[in-house]
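Working notes for the structure below.
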Amino acid sequence: MKAAKDTVITLHYNLSTGGEQVESSRQGDPLTVLLGRGFLIKGLEDALLGHEKGDTFDIDLTPDQAYGERREDAIQRVPKKYFVNGKRLKPGMTTVLTLKEGGQRAVTVHKVGMTTVDVDTNHPMAGKDLTFEVELMDVREATESELEHGHAHPDGEHEHA
Ligand code: ZN
């Protein structure tokens with residue numbers, strides 16, 4: 001069957017930008033997702049539609065189909081105490097910022113001062129052209145519980161809280 005909205009697909013992918021591989025699912029288990037529910041970036045979801053089990057193909061995405069353009073106003077000055085590892089930060093590192101309003105966010109360190117850190121809150125992949133090398137390993141109908149929960153269950157049927 002063909003990959004479509006609300007089918008469950010299993011895939012391996014390598015992600016590269018500028019000819020350099022930045023991420024790969026092949027270090028672990030393949031990714032299993034309920035398609036069309038926003039688990040993958042939009043451009044990737046769209047490009048997977050219509051493909052079948054066993055297909056291998058490349059998907060090239062421009063920033064507007066992926067993580068968006070870089071925003072120059074996305075650099076923010078933040079007190080060091082908001083970082084879990086504030087003492088060891090260096091420009092270019094990615095780290096996790098604990099937000100005042102709760103939750104956490106991955107950011108890139110731009111500049112480190114005495115008591116503050118300038119961080120770039122752009123997504124690390126913002127403004128970049130991405131290439132996904134995809135191997136579609138399985139396409140199946142979603143089960144009723146998967147459709148109800150809105151996510152894939154790796155074994156199709158398991159119950160969970
Ligand atoms: Zn579930």
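Please note that chains go A, B, ... in the order of the structure tokens, that every chain numbers its residues from 1, and that ligands are numbered from 1 in the order shown.
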* Within-6 Å residues of ligand 1, basis only C-alpha atoms and all ligand atoms, as a PyMOL selection string -> chain A and resi 146+149+151
* To do: Mind checking which residues fall within 6 Å of stretch 71-78 of chain A, counting only C-alpha atoms, ignoring those fewer than 2 positions away in the same chain, and posting them as a PyMOL selection string?
  => chain A and resi 116-122
Those same residues, written as a short mmCIF file (atom, residue, chain, number, x, y, z; two decimals), in the first residue's frame with all heavy atoms?
```
data_model
loop_
_atom_site.label_atom_id
_atom_site.label_comp_id
_atom_site.auth_asym_id
_atom_site.auth_seq_id
_atom_site.Cartn_x
_atom_site.Cartn_y
_atom_site.Cartn_z
N THR A 116 25.86 36.66 31.94
CA THR A 116 24.79 36.39 30.97
C THR A 116 25.34 35.64 29.77
O THR A 116 26.55 35.62 29.53
CB THR A 116 24.15 37.70 30.46
OG1 THR A 116 25.15 38.46 29.80
CG2 THR A 116 23.51 38.49 31.58
N VAL A 117 24.45 35.05 29.05
CA VAL A 117 24.81 34.32 27.83
C VAL A 117 23.87 34.78 26.72
O VAL A 117 22.66 34.88 26.93
CB VAL A 117 24.65 32.80 28.05
CG1 VAL A 117 25.06 32.03 26.78
CG2 VAL A 117 25.46 32.33 29.24
N ASP A 118 24.43 35.12 25.57
CA ASP A 118 23.59 35.41 24.41
C ASP A 118 23.35 34.10 23.68
O ASP A 118 24.30 33.42 23.29
CB ASP A 118 24.27 36.40 23.46
CG ASP A 118 24.36 37.80 24.05
OD1 ASP A 118 23.84 38.00 25.17
OD2 ASP A 118 24.95 38.67 23.41
N VAL A 119 22.07 33.79 23.52
CA VAL A 119 21.75 32.53 22.85
C VAL A 119 20.96 32.81 21.59
O VAL A 119 20.24 33.80 21.48
CB VAL A 119 20.92 31.57 23.75
CG1 VAL A 119 21.74 31.12 24.94
CG2 VAL A 119 19.61 32.19 24.17
N ASP A 120 21.14 31.93 20.65
CA ASP A 120 20.41 31.98 19.39
C ASP A 120 19.27 30.98 19.50
O ASP A 120 19.51 29.78 19.64
CB ASP A 120 21.39 31.60 18.28
CG ASP A 120 20.79 31.75 16.90
OD1 ASP A 120 19.54 31.81 16.80
OD2 ASP A 120 21.56 31.77 15.93
N THR A 121 18.04 31.50 19.50
CA THR A 121 16.90 30.61 19.68
C THR A 121 16.36 30.07 18.36
O THR A 121 15.34 29.39 18.34
CB THR A 121 15.74 31.31 20.44
OG1 THR A 121 15.32 32.44 19.67
CG2 THR A 121 16.20 31.79 21.81
N ASN A 122 17.04 30.40 17.26
CA ASN A 122 16.66 29.75 16.00
C ASN A 122 16.85 28.25 16.14
O ASN A 122 17.77 27.78 16.82
CB ASN A 122 17.59 30.22 14.86
CG ASN A 122 17.22 31.59 14.35
OD1 ASN A 122 16.14 31.79 13.83
ND2 ASN A 122 18.13 32.54 14.50
#
```
Name all residues at most 12 Å from A:Asp155 (count only C-alpha atoms; drop same-chain ones fewer than 5 positions away) and give them as a CSV table (one decimal) with N, CA and C atoms, in the first residue's frame.
```csv
chain,number,residue,atom,x,y,z
A,8,VAL,N,0.5,4.1,8.9
A,8,VAL,CA,1.7,4.1,9.8
A,8,VAL,C,2.9,3.6,9.0
A,10,THR,N,7.2,3.1,8.7
A,10,THR,CA,8.5,2.8,9.4
A,10,THR,C,9.6,3.2,8.4
A,32,THR,N,9.0,5.0,13.6
A,32,THR,CA,7.7,4.5,13.2
A,32,THR,C,6.7,5.7,13.5
A,33,VAL,N,6.0,6.2,12.5
A,33,VAL,CA,5.1,7.4,12.8
A,33,VAL,C,3.8,7.2,12.1
A,140,ARG,N,1.7,0.5,6.7
A,140,ARG,CA,0.5,-0.3,7.0
A,140,ARG,C,-0.6,0.6,7.4
A,142,ALA,N,-3.2,2.1,10.0
A,142,ALA,CA,-3.2,2.4,11.4
A,142,ALA,C,-4.3,1.6,12.1
A,143,THR,N,-4.1,1.1,13.3
A,143,THR,CA,-5.1,0.4,14.0
A,143,THR,C,-6.1,1.5,14.6
A,145,SER,N,-6.8,1.9,17.7
A,145,SER,CA,-6.3,2.6,18.9
A,145,SER,C,-5.2,3.6,18.5
A,146,GLU,N,-4.5,3.4,17.4
A,146,GLU,CA,-3.5,4.4,17.0
A,146,GLU,C,-4.2,5.6,16.5
A,160,HIS,N,-1.6,1.2,26.4
A,160,HIS,CA,-0.8,1.9,27.4
A,160,HIS,C,-1.6,3.0,28.0
```
* If you count only C-alpha atoms, which residues fall within 8 Å of A:Met137, apart from same-chain ones fewer than 6 positions away, as a ChimeraX atom specification? -> /A:9-12,53-55
Let me see the file: selected residues, N, CA and C atoms, as a PDB file, in the first residue's frame.
```
ATOM      1  N   ILE A   9       3.934   4.453   9.002  1.00  0.00           N
ATOM      2  CA  ILE A   9       5.117   4.144   8.207  1.00  0.00           C
ATOM      3  C   ILE A   9       6.308   3.921   9.124  1.00  0.00           C
ATOM      4  N   THR A  10       7.206   3.063   8.659  1.00  0.00           N
ATOM      5  CA  THR A  10       8.468   2.825   9.364  1.00  0.00           C
ATOM      6  C   THR A  10       9.586   3.175   8.399  1.00  0.00           C
ATOM      7  N   LEU A  11      10.488   4.023   8.834  1.00  0.00           N
ATOM      8  CA  LEU A  11      11.551   4.441   7.932  1.00  0.00           C
ATOM      9  C   LEU A  11      12.881   4.605   8.647  1.00  0.00           C
ATOM     10  N   HIS A  12      13.949   4.470   7.849  1.00  0.00           N
ATOM     11  CA  HIS A  12      15.271   4.901   8.269  1.00  0.00           C
ATOM     12  C   HIS A  12      15.606   6.113   7.435  1.00  0.00           C
ATOM     13  N   LYS A  53       6.388   0.531   0.576  1.00  0.00           N
ATOM     14  CA  LYS A  53       7.383  -0.270   1.287  1.00  0.00           C
ATOM     15  C   LYS A  53       8.527  -0.656   0.344  1.00  0.00           C
ATOM     16  N   GLY A  54       9.749  -0.463   0.821  1.00  0.00           N
ATOM     17  CA  GLY A  54      10.911  -0.845   0.020  1.00  0.00           C
ATOM     18  C   GLY A  54      11.490   0.286  -0.803  1.00  0.00           C
ATOM     19  N   ASP A  55      10.754   1.399  -0.940  1.00  0.00           N
ATOM     20  CA  ASP A  55      11.261   2.533  -1.717  1.00  0.00           C
ATOM     21  C   ASP A  55      12.446   3.184  -0.997  1.00  0.00           C
TER      22      ASP A  55
END
```
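Comparing A:Pro154, A:Glu141, A:Arg105, A:Leu147 by their smallest distance to A:Asp29, the closest is A:Pro154 (using only C-alpha atoms).
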Shell of 9 Å around A:Arg37, only C-alpha atoms, local chain residues under 2 positions omitted, as a PDB file with N, CA, C and O atoms, in the first residue's frame:
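Listed below is the output, result-v2.pdb:
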```
ATOM      1  N   LYS A   5      -2.051   9.880   4.455  1.00  0.00           N
ATOM      2  CA  LYS A   5      -2.432  10.384   5.773  1.00  0.00           C
ATOM      3  C   LYS A   5      -3.079   9.249   6.564  1.00  0.00           C
ATOM      4  O   LYS A   5      -3.890   8.492   6.026  1.00  0.00           O
ATOM      5  N   ASP A   6      -2.692   9.125   7.836  1.00  0.00           N
ATOM      6  CA  ASP A   6      -3.221   8.104   8.733  1.00  0.00           C
ATOM      7  C   ASP A   6      -2.828   6.673   8.376  1.00  0.00           C
ATOM      8  O   ASP A   6      -3.469   5.717   8.816  1.00  0.00           O
ATOM      9  N   VAL A  33       6.008   6.205  12.532  1.00  0.00           N
ATOM     10  CA  VAL A  33       5.116   7.351  12.772  1.00  0.00           C
ATOM     11  C   VAL A  33       3.772   7.179  12.083  1.00  0.00           C
ATOM     12  O   VAL A  33       3.658   6.538  11.033  1.00  0.00           O
ATOM     13  N   LEU A  34       2.776   7.772  12.722  1.00  0.00           N
ATOM     14  CA  LEU A  34       1.456   7.914  12.110  1.00  0.00           C
ATOM     15  C   LEU A  34       1.563   9.147  11.213  1.00  0.00           C
ATOM     16  O   LEU A  34       1.819  10.249  11.682  1.00  0.00           O
ATOM     17  N   LEU A  35       1.407   8.937   9.920  1.00  0.00           N
ATOM     18  CA  LEU A  35       1.675  10.001   8.947  1.00  0.00           C
ATOM     19  C   LEU A  35       0.536  11.019   8.911  1.00  0.00           C
ATOM     20  O   LEU A  35      -0.634  10.659   9.036  1.00  0.00           O
ATOM     21  N   PHE A  39       4.125  14.736  13.148  1.00  0.00           N
ATOM     22  CA  PHE A  39       5.288  14.203  13.846  1.00  0.00           C
ATOM     23  C   PHE A  39       6.572  14.500  13.086  1.00  0.00           C
ATOM     24  O   PHE A  39       7.649  14.558  13.656  1.00  0.00           O
ATOM     25  N   LEU A  40       6.445  14.641  11.771  1.00  0.00           N
ATOM     26  CA  LEU A  40       7.601  14.972  10.936  1.00  0.00           C
ATOM     27  C   LEU A  40       7.389  16.381  10.394  1.00  0.00           C
ATOM     28  O   LEU A  40       6.264  16.871  10.343  1.00  0.00           O
ATOM     29  N   GLU A  45       6.764  15.046   5.425  1.00  0.00           N
ATOM     30  CA  GLU A  45       5.485  14.318   5.376  1.00  0.00           C
ATOM     31  C   GLU A  45       4.917  14.330   3.955  1.00  0.00           C
ATOM     32  O   GLU A  45       4.512  13.303   3.431  1.00  0.00           O
ATOM     33  N   GLY A 150      -3.820   9.077  18.198  1.00  0.00           N
ATOM     34  CA  GLY A 150      -3.140  10.066  17.370  1.00  0.00           C
ATOM     35  C   GLY A 150      -1.645   9.843  17.241  1.00  0.00           C
ATOM     36  O   GLY A 150      -0.907  10.746  16.887  1.00  0.00           O
ATOM     37  N   HIS A 151      -1.183   8.621  17.550  1.00  0.00           N
ATOM     38  CA  HIS A 151       0.233   8.294  17.357  1.00  0.00           C
ATOM     39  C   HIS A 151       0.381   6.811  17.054  1.00  0.00           C
ATOM     40  O   HIS A 151      -0.534   6.028  17.295  1.00  0.00           O
TER      41      HIS A 151
END
```
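Counting only C-alpha atoms, the residue from A:Lys81, A:His123, A:Lys42, A:Lys111 that sits nearest to A:Leu99 is A:Lys81.
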* Name the residues in contact with A:Val96 at a cut-off of 9 Å, using only C-alpha atoms, excluding same-chain residues fewer than 3 positions from it; report them as a PyMOL selection string. => chain A and resi 83-85+104-108
Same residues, N, CA, C and O atoms, output as a PDB file, in the first residue's frame:
```
ATOM      1  N   PHE A  83      20.675  28.262  32.893  1.00  0.00           N
ATOM      2  CA  PHE A  83      21.236  27.114  32.182  1.00  0.00           C
ATOM      3  C   PHE A  83      21.644  26.036  33.162  1.00  0.00           C
ATOM      4  O   PHE A  83      22.200  26.337  34.215  1.00  0.00           O
ATOM      5  N   VAL A  84      21.389  24.797  32.782  1.00  0.00           N
ATOM      6  CA  VAL A  84      21.807  23.692  33.652  1.00  0.00           C
ATOM      7  C   VAL A  84      23.326  23.612  33.743  1.00  0.00           C
ATOM      8  O   VAL A  84      23.871  23.226  34.761  1.00  0.00           O
ATOM      9  N   ASN A  85      24.021  24.010  32.686  1.00  0.00           N
ATOM     10  CA  ASN A  85      25.487  23.883  32.650  1.00  0.00           C
ATOM     11  C   ASN A  85      26.119  25.243  32.340  1.00  0.00           C
ATOM     12  O   ASN A  85      27.036  25.349  31.545  1.00  0.00           O
ATOM     13  N   GLN A 104      11.494  23.537  28.597  1.00  0.00           N
ATOM     14  CA  GLN A 104      12.879  23.688  28.188  1.00  0.00           C
ATOM     15  C   GLN A 104      12.958  23.878  26.693  1.00  0.00           C
ATOM     16  O   GLN A 104      12.052  23.515  25.967  1.00  0.00           O
ATOM     17  N   ARG A 105      14.068  24.454  26.260  1.00  0.00           N
ATOM     18  CA  ARG A 105      14.218  24.746  24.848  1.00  0.00           C
ATOM     19  C   ARG A 105      15.681  24.576  24.444  1.00  0.00           C
ATOM     20  O   ARG A 105      16.571  25.028  25.144  1.00  0.00           O
ATOM     21  N   ALA A 106      15.918  23.944  23.306  1.00  0.00           N
ATOM     22  CA  ALA A 106      17.278  23.790  22.801  1.00  0.00           C
ATOM     23  C   ALA A 106      17.695  25.080  22.119  1.00  0.00           C
ATOM     24  O   ALA A 106      16.953  25.640  21.315  1.00  0.00           O
ATOM     25  N   VAL A 107      18.861  25.597  22.477  1.00  0.00           N
ATOM     26  CA  VAL A 107      19.364  26.846  21.894  1.00  0.00           C
ATOM     27  C   VAL A 107      20.837  26.680  21.545  1.00  0.00           C
ATOM     28  O   VAL A 107      21.499  25.759  22.017  1.00  0.00           O
ATOM     29  N   THR A 108      21.348  27.589  20.723  1.00  0.00           N
ATOM     30  CA  THR A 108      22.764  27.591  20.382  1.00  0.00           C
ATOM     31  C   THR A 108      23.424  28.779  21.084  1.00  0.00           C
ATOM     32  O   THR A 108      22.904  29.890  21.032  1.00  0.00           O
TER      33      THR A 108
END
```
* Long-range neighbours of stretch 15-23 of chain A as number ranges by chain, 6 Å cut-off, only C-alpha atoms, 4 positions minimum in chain -> A: 129-132
Go ahead and dump the residues you just picked, N, CA, C and O atoms, as a tab-separated table (two decimals), in the first residue's frame.
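Saved as part.tsv:
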```tsv
chain	number	residue	atom	x	y	z
A	129	ASP	N	19.17	24.24	3.78
A	129	ASP	CA	18.60	23.27	2.85
A	129	ASP	C	18.91	21.89	3.39
A	129	ASP	O	20.05	21.60	3.75
A	130	LEU	N	17.91	21.05	3.45
A	130	LEU	CA	18.09	19.71	4.02
A	130	LEU	C	17.90	18.63	2.96
A	130	LEU	O	17.06	18.78	2.07
A	131	THR	N	18.67	17.58	3.08
A	131	THR	CA	18.44	16.40	2.24
A	131	THR	C	18.21	15.19	3.15
A	131	THR	O	19.04	14.89	4.00
A	132	PHE	N	17.06	14.57	2.97
A	132	PHE	CA	16.76	13.33	3.68
A	132	PHE	C	16.92	12.19	2.70
A	132	PHE	O	16.33	12.18	1.63
```
* Which of these, A:Ala66, A:Val139, A:Val112, A:Ala47, has the shortest distance to A:Pro124 once you count only C-alpha atoms? ->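 Using only C-alpha atoms, the shortest distance to A:Pro124 belongs to A:Ala66.
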